[in-house]
Amino acid sequence: DVKVTQSSRYLVKRTGEKVFLECVQDMDHENMFWYRQDPGLGLRLIYFSYDVKMKEKGDIPEGYSVSREKKERFSLILESASTNQTSMYLCASSLAGPYGYTFGSGTRLTVV
Amino acid sequence: DAKTTQPPSMDCAEGRAANLPCNHSTISGNEYVYWYRQIHSQGPQYIIHGLKNNETNEMASLIITEDRKSSTLILPHATLRDTAVYYCIVRAPPHQFYFGTGTSLTVIP
């Protein structure tokens with residue numbers, strides 16, 4: 001089975017800190033994605049990547065950046081964490097084409 | 001991508017078939033129908049997808065109407081572990097998945 005691993009299940013950070021969320025997949029998937037999930041708003045796409053060193057903005061990229069230096073790893077960076085970035089962050093990966101996504105278990109980030 | 005409409009909640013008795021409907025009347029010819037589910041506090045789990053034909057896998061069956069304007073996800077023998085939010089999404093690759101609010105399925109003992 002494809003496995004998508006997110007580095008932390010729970011994270012607490014202070015306002016203004018630079019935060020790194022790591023995601024690793026083990027099945028050579030081309031595509032990787034970062035979503036955040038908030039009550040009443042569903043899942044919203046932050047960034048995605050079709051290939052190494054490529055990135056595309058999703059619906060809500062403001063305040064975030066990403067890095068994909070290796071095919072298996074996709075990092076989400078909060079440049080200066082703010083309280084409105086408190087959320088559940090979900091990473092996903094997929095093969096290119098009409099395939100479903102495999103999601104990680106999520107990182108629940110709290111910014112205080 | 002086409003918009004989907006799902007009932008906000010449904011109940012199903014344990015051991016019975018759960019039939020989850022989805023309307024996607026504006027679906028385009030190149031858009032697939034996908035189903036995911038999300039159990040509380042976990043990431044969404046891919047279940048099944050199809051374009052025109054009905055599909056079946058070890059988890060569920062997907063029935064797509066001939067005009068493709070609606071579909072039904074069938075869990076043949078629902079268990080308590082199937083209690084989750086189920087999302088129906090239509091999407092034309094390589095566009096992304098946009099998750100709505102889904103159907104909250106409760107399997108009752």
# chains A, B, ... in the order shown; residues from 1 in each chain; ligands from 1
>>> interface_residues(of="chain B", to="chain A", cutoff="9 Å", atoms="only C-alpha atoms", output="list in words")
Tyr32, Tyr34, Trp35, Tyr36, Ser41, Gln42, Gly43, Pro44, Gln45, Tyr46, Ile47, Ile48, His49, Arg91, Ala92, Pro93, Pro94, Gln96, Phe97, Tyr98, Phe99, Gly100 and Thr101 of chain B
>>> write_last_selection(atoms="N, CA and C atoms", output="tab-separated table (two decimals), in the first residue's frame")
chain	number	residue	atom	x	y	z
B	32	TYR	N	-14.39	12.60	-14.33
B	32	TYR	CA	-14.60	11.36	-13.60
B	32	TYR	C	-15.38	11.64	-12.32
B	34	TYR	N	-15.49	10.58	-8.42
B	34	TYR	CA	-14.67	9.98	-7.37
B	34	TYR	C	-15.44	9.98	-6.05
B	35	TRP	N	-15.14	8.98	-5.25
B	35	TRP	CA	-15.66	8.95	-3.89
B	35	TRP	C	-14.52	8.76	-2.91
B	36	TYR	N	-14.57	9.57	-1.85
B	36	TYR	CA	-13.66	9.46	-0.73
B	36	TYR	C	-14.48	9.38	0.55
B	41	SER	N	-10.96	12.72	12.41
B	41	SER	CA	-9.56	12.99	12.79
B	41	SER	C	-8.54	12.25	11.94
B	42	GLN	N	-8.98	11.69	10.82
B	42	GLN	CA	-8.03	11.05	9.91
B	42	GLN	C	-8.07	11.75	8.55
B	43	GLY	N	-7.07	11.47	7.70
B	43	GLY	CA	-7.08	12.01	6.35
B	43	GLY	C	-8.13	11.29	5.50
B	44	PRO	N	-8.64	11.94	4.46
B	44	PRO	CA	-9.60	11.28	3.56
B	44	PRO	C	-9.00	10.01	2.95
B	45	GLN	N	-9.87	9.05	2.71
B	45	GLN	CA	-9.46	7.77	2.12
B	45	GLN	C	-10.15	7.61	0.77
B	46	TYR	N	-9.37	7.37	-0.26
B	46	TYR	CA	-9.93	7.12	-1.59
B	46	TYR	C	-10.72	5.81	-1.57
B	47	ILE	N	-11.93	5.82	-2.19
B	47	ILE	CA	-12.73	4.60	-2.23
B	47	ILE	C	-12.77	4.03	-3.64
B	48	ILE	N	-13.23	4.84	-4.60
B	48	ILE	CA	-13.49	4.31	-5.94
B	48	ILE	C	-13.68	5.48	-6.89
B	49	HIS	N	-13.50	5.25	-8.18
B	49	HIS	CA	-13.84	6.27	-9.16
B	49	HIS	C	-14.27	5.61	-10.47
B	91	ARG	N	-14.20	15.45	-11.35
B	91	ARG	CA	-12.93	16.09	-11.64
B	91	ARG	C	-12.41	15.62	-12.98
B	92	ALA	N	-11.85	16.56	-13.74
B	92	ALA	CA	-11.19	16.24	-15.00
B	92	ALA	C	-9.69	16.40	-14.78
B	93	PRO	N	-8.94	15.27	-14.77
B	93	PRO	CA	-7.50	15.41	-14.65
B	93	PRO	C	-6.93	16.30	-15.74
B	94	PRO	N	-5.95	17.10	-15.49
B	94	PRO	CA	-5.15	17.10	-14.27
B	94	PRO	C	-5.61	18.10	-13.22
B	96	GLN	N	-7.51	19.62	-9.91
B	96	GLN	CA	-7.40	19.12	-8.54
B	96	GLN	C	-8.75	18.71	-8.01
B	97	PHE	N	-8.71	18.05	-6.86
B	97	PHE	CA	-9.93	17.68	-6.17
B	97	PHE	C	-10.40	18.84	-5.30
B	98	TYR	N	-11.68	19.14	-5.38
B	98	TYR	CA	-12.28	20.11	-4.50
B	98	TYR	C	-13.34	19.39	-3.68
B	99	PHE	N	-13.11	19.37	-2.37
B	99	PHE	CA	-13.98	18.64	-1.46
B	99	PHE	C	-15.07	19.56	-0.95
B	100	GLY	N	-16.33	19.11	-1.04
B	100	GLY	CA	-17.43	19.86	-0.46
B	100	GLY	C	-17.64	19.43	0.98
B	101	THR	N	-18.89	19.41	1.41
B	101	THR	CA	-19.18	19.06	2.80
B	101	THR	C	-19.59	17.61	2.96
>>> residues_around(residues="A:Lys55", least_positions_apart="6", cutoff="8 Å", atoms="only C-alpha atoms", output="PyMOL selection string")
chain A and resi 47-49+66-68
>>> residues_around(residues="stretch 13-23 of chain B", least_positions_apart="2", cutoff="12 Å", atoms="only C-alpha atoms", output="count of residues only")
58
>>> select_by_dssp(residues="chain B", states="strand (DSSP E)", output="ChimeraX atom specification")
/B:9-13,18-23,32-38,45-50,55-56,61-64,70-75,84-91,103-108
>>> residues_around(residues="A:Ser75", least_positions_apart="4", cutoff="9 Å", atoms="only C-alpha atoms", output="number ranges by chain")
A: 20-24, 34, 65-68
>>> residues_around(residues="A:Lys70", least_positions_apart="5", cutoff="9 Å", atoms="only C-alpha atoms", output="MDAnalysis selection string")
chainID A and resid 51:53
>>> atom_distance(atom1="atom CA of A:Thr83", atom2="atom CA of A:Asp38")
13.1 Å
>>> atom_distance(atom1="atom CA of A:Ser87", atom2="atom CA of A:Val111")
8.7 Å
>>> decode(residues="stretch 34-49 of chain B", atoms="all heavy atoms", output="mmCIF file, in the first residue's frame")
data_model
loop_
_atom_site.group_PDB
_atom_site.id
_atom_site.type_symbol
_atom_site.label_atom_id
_atom_site.label_comp_id
_atom_site.auth_asym_id
_atom_site.auth_seq_id
_atom_site.Cartn_x
_atom_site.Cartn_y
_atom_site.Cartn_z
ATOM 1 N N TYR B 34 -15.491 10.581 -8.419
ATOM 2 C CA TYR B 34 -14.666 9.978 -7.373
ATOM 3 C C TYR B 34 -15.438 9.982 -6.054
ATOM 4 O O TYR B 34 -16.226 10.888 -5.781
ATOM 5 C CB TYR B 34 -13.387 10.791 -7.144
ATOM 6 C CG TYR B 34 -12.427 10.834 -8.303
ATOM 7 C CD1 TYR B 34 -12.643 11.697 -9.377
ATOM 8 C CD2 TYR B 34 -11.282 10.050 -8.320
ATOM 9 C CE1 TYR B 34 -11.748 11.753 -10.441
ATOM 10 C CE2 TYR B 34 -10.381 10.107 -9.374
ATOM 11 C CZ TYR B 34 -10.625 10.961 -10.421
ATOM 12 O OH TYR B 34 -9.744 11.014 -11.468
ATOM 13 N N TRP B 35 -15.144 8.976 -5.253
ATOM 14 C CA TRP B 35 -15.663 8.947 -3.890
ATOM 15 C C TRP B 35 -14.516 8.758 -2.913
ATOM 16 O O TRP B 35 -13.633 7.922 -3.122
ATOM 17 C CB TRP B 35 -16.669 7.812 -3.709
ATOM 18 C CG TRP B 35 -18.015 8.109 -4.303
ATOM 19 C CD1 TRP B 35 -18.390 7.945 -5.598
ATOM 20 C CD2 TRP B 35 -19.156 8.624 -3.615
ATOM 21 N NE1 TRP B 35 -19.706 8.323 -5.767
ATOM 22 C CE2 TRP B 35 -20.197 8.739 -4.567
ATOM 23 C CE3 TRP B 35 -19.411 8.995 -2.292
ATOM 24 C CZ2 TRP B 35 -21.461 9.209 -4.237
ATOM 25 C CZ3 TRP B 35 -20.663 9.455 -1.967
ATOM 26 C CH2 TRP B 35 -21.682 9.562 -2.933
ATOM 27 N N TYR B 36 -14.571 9.566 -1.847
ATOM 28 C CA TYR B 36 -13.655 9.459 -0.732
ATOM 29 C C TYR B 36 -14.478 9.377 0.546
ATOM 30 O O TYR B 36 -15.648 9.760 0.572
ATOM 31 C CB TYR B 36 -12.757 10.707 -0.617
ATOM 32 C CG TYR B 36 -11.677 10.831 -1.639
ATOM 33 C CD1 TYR B 36 -11.947 11.275 -2.927
ATOM 34 C CD2 TYR B 36 -10.346 10.530 -1.309
ATOM 35 C CE1 TYR B 36 -10.938 11.404 -3.863
ATOM 36 C CE2 TYR B 36 -9.333 10.671 -2.246
ATOM 37 C CZ TYR B 36 -9.641 11.105 -3.508
ATOM 38 O OH TYR B 36 -8.640 11.237 -4.430
ATOM 39 N N ARG B 37 -13.852 8.937 1.608
ATOM 40 C CA ARG B 37 -14.486 9.056 2.909
ATOM 41 C C ARG B 37 -13.452 9.525 3.928
ATOM 42 O O ARG B 37 -12.242 9.339 3.745
ATOM 43 C CB ARG B 37 -15.110 7.745 3.360
ATOM 44 C CG ARG B 37 -14.132 6.655 3.766
ATOM 45 C CD ARG B 37 -14.900 5.408 4.159
ATOM 46 N NE ARG B 37 -14.024 4.346 4.611
ATOM 47 C CZ ARG B 37 -14.468 3.133 4.924
ATOM 48 N NH1 ARG B 37 -15.762 2.836 4.842
ATOM 49 N NH2 ARG B 37 -13.621 2.196 5.327
ATOM 50 N N GLN B 38 -13.960 10.126 4.990
ATOM 51 C CA GLN B 38 -13.076 10.618 6.039
ATOM 52 C C GLN B 38 -13.668 10.238 7.385
ATOM 53 O O GLN B 38 -14.758 10.676 7.757
ATOM 54 C CB GLN B 38 -12.905 12.139 5.943
ATOM 55 C CG GLN B 38 -11.866 12.689 6.903
ATOM 56 C CD GLN B 38 -11.558 14.144 6.662
ATOM 57 O OE1 GLN B 38 -12.370 14.882 6.126
ATOM 58 N NE2 GLN B 38 -10.388 14.586 7.072
ATOM 59 N N ILE B 39 -12.909 9.420 8.062
ATOM 60 C CA ILE B 39 -13.260 9.037 9.426
ATOM 61 C C ILE B 39 -12.680 10.094 10.343
ATOM 62 O O ILE B 39 -11.590 10.613 10.091
ATOM 63 C CB ILE B 39 -12.728 7.628 9.727
ATOM 64 C CG1 ILE B 39 -13.420 6.623 8.802
ATOM 65 C CG2 ILE B 39 -12.927 7.263 11.189
ATOM 66 C CD1 ILE B 39 -12.822 5.246 8.801
ATOM 67 N N HIS B 40 -13.388 10.388 11.396
ATOM 68 C CA HIS B 40 -13.037 11.504 12.275
ATOM 69 C C HIS B 40 -11.550 11.528 12.615
ATOM 70 O O HIS B 40 -10.971 10.524 12.993
ATOM 71 C CB HIS B 40 -13.865 11.411 13.549
ATOM 72 C CG HIS B 40 -13.631 12.547 14.486
ATOM 73 N ND1 HIS B 40 -13.920 13.857 14.135
ATOM 74 C CD2 HIS B 40 -13.127 12.588 15.732
ATOM 75 C CE1 HIS B 40 -13.612 14.638 15.146
ATOM 76 N NE2 HIS B 40 -13.125 13.892 16.130
ATOM 77 N N SER B 41 -10.961 12.725 12.410
ATOM 78 C CA SER B 41 -9.564 12.989 12.786
ATOM 79 C C SER B 41 -8.538 12.246 11.938
ATOM 80 O O SER B 41 -7.375 12.180 12.313
ATOM 81 C CB SER B 41 -9.312 12.664 14.266
ATOM 82 O OG SER B 41 -10.088 13.497 15.086
ATOM 83 N N GLN B 42 -8.985 11.689 10.817
ATOM 84 C CA GLN B 42 -8.031 11.049 9.908
ATOM 85 C C GLN B 42 -8.069 11.750 8.553
ATOM 86 O O GLN B 42 -8.997 12.506 8.260
ATOM 87 C CB GLN B 42 -8.368 9.571 9.723
ATOM 88 C CG GLN B 42 -8.263 8.753 10.991
ATOM 89 C CD GLN B 42 -8.562 7.289 10.726
ATOM 90 O OE1 GLN B 42 -8.458 6.805 9.608
ATOM 91 N NE2 GLN B 42 -8.928 6.579 11.782
ATOM 92 N N GLY B 43 -7.071 11.475 7.705
ATOM 93 C CA GLY B 43 -7.083 12.006 6.352
ATOM 94 C C GLY B 43 -8.126 11.293 5.504
ATOM 95 O O GLY B 43 -8.502 10.151 5.790
ATOM 96 N N PRO B 44 -8.641 11.942 4.456
ATOM 97 C CA PRO B 44 -9.599 11.277 3.563
ATOM 98 C C PRO B 44 -8.999 10.012 2.954
ATOM 99 O O PRO B 44 -7.793 9.930 2.709
ATOM 100 C CB PRO B 44 -9.866 12.332 2.484
ATOM 101 C CG PRO B 44 -9.563 13.638 3.146
ATOM 102 C CD PRO B 44 -8.428 13.349 4.069
ATOM 103 N N GLN B 45 -9.867 9.048 2.708
ATOM 104 C CA GLN B 45 -9.464 7.773 2.120
ATOM 105 C C GLN B 45 -10.151 7.613 0.774
ATOM 106 O O GLN B 45 -11.382 7.715 0.672
ATOM 107 C CB GLN B 45 -9.863 6.623 3.053
ATOM 108 C CG GLN B 45 -9.533 5.247 2.512
ATOM 109 C CD GLN B 45 -10.116 4.136 3.370
ATOM 110 O OE1 GLN B 45 -11.093 4.339 4.102
ATOM 111 N NE2 GLN B 45 -9.536 2.967 3.295
ATOM 112 N N TYR B 46 -9.372 7.367 -0.260
ATOM 113 C CA TYR B 46 -9.935 7.123 -1.586
ATOM 114 C C TYR B 46 -10.717 5.814 -1.570
ATOM 115 O O TYR B 46 -10.265 4.807 -1.003
ATOM 116 C CB TYR B 46 -8.810 7.052 -2.618
ATOM 117 C CG TYR B 46 -9.201 6.419 -3.933
ATOM 118 C CD1 TYR B 46 -9.903 7.147 -4.885
ATOM 119 C CD2 TYR B 46 -8.873 5.092 -4.205
ATOM 120 C CE1 TYR B 46 -10.264 6.565 -6.086
ATOM 121 C CE2 TYR B 46 -9.230 4.507 -5.411
ATOM 122 C CZ TYR B 46 -9.929 5.239 -6.341
ATOM 123 O OH TYR B 46 -10.294 4.657 -7.527
ATOM 124 N N ILE B 47 -11.928 5.823 -2.185
ATOM 125 C CA ILE B 47 -12.728 4.601 -2.229
ATOM 126 C C ILE B 47 -12.774 4.034 -3.642
ATOM 127 O O ILE B 47 -12.391 2.887 -3.887
ATOM 128 C CB ILE B 47 -14.174 4.874 -1.753
ATOM 129 C CG1 ILE B 47 -14.188 5.406 -0.327
ATOM 130 C CG2 ILE B 47 -15.017 3.592 -1.854
ATOM 131 C CD1 ILE B 47 -15.559 5.862 0.144
ATOM 132 N N ILE B 48 -13.228 4.838 -4.601
ATOM 133 C CA ILE B 48 -13.485 4.314 -5.938
ATOM 134 C C ILE B 48 -13.677 5.480 -6.888
ATOM 135 O O ILE B 48 -13.955 6.594 -6.451
ATOM 136 C CB ILE B 48 -14.746 3.407 -5.908
ATOM 137 C CG1 ILE B 48 -14.812 2.470 -7.113
ATOM 138 C CG2 ILE B 48 -16.018 4.243 -5.764
ATOM 139 C CD1 ILE B 48 -15.861 1.371 -6.941
ATOM 140 N N HIS B 49 -13.504 5.255 -8.181
ATOM 141 C CA HIS B 49 -13.844 6.269 -9.160
ATOM 142 C C HIS B 49 -14.267 5.606 -10.469
ATOM 143 O O HIS B 49 -13.978 4.421 -10.705
ATOM 144 C CB HIS B 49 -12.703 7.260 -9.393
ATOM 145 C CG HIS B 49 -11.557 6.747 -10.226
ATOM 146 N ND1 HIS B 49 -10.577 5.929 -9.719
ATOM 147 C CD2 HIS B 49 -11.254 6.967 -11.532
ATOM 148 C CE1 HIS B 49 -9.694 5.680 -10.671
ATOM 149 N NE2 HIS B 49 -10.064 6.271 -11.773
#
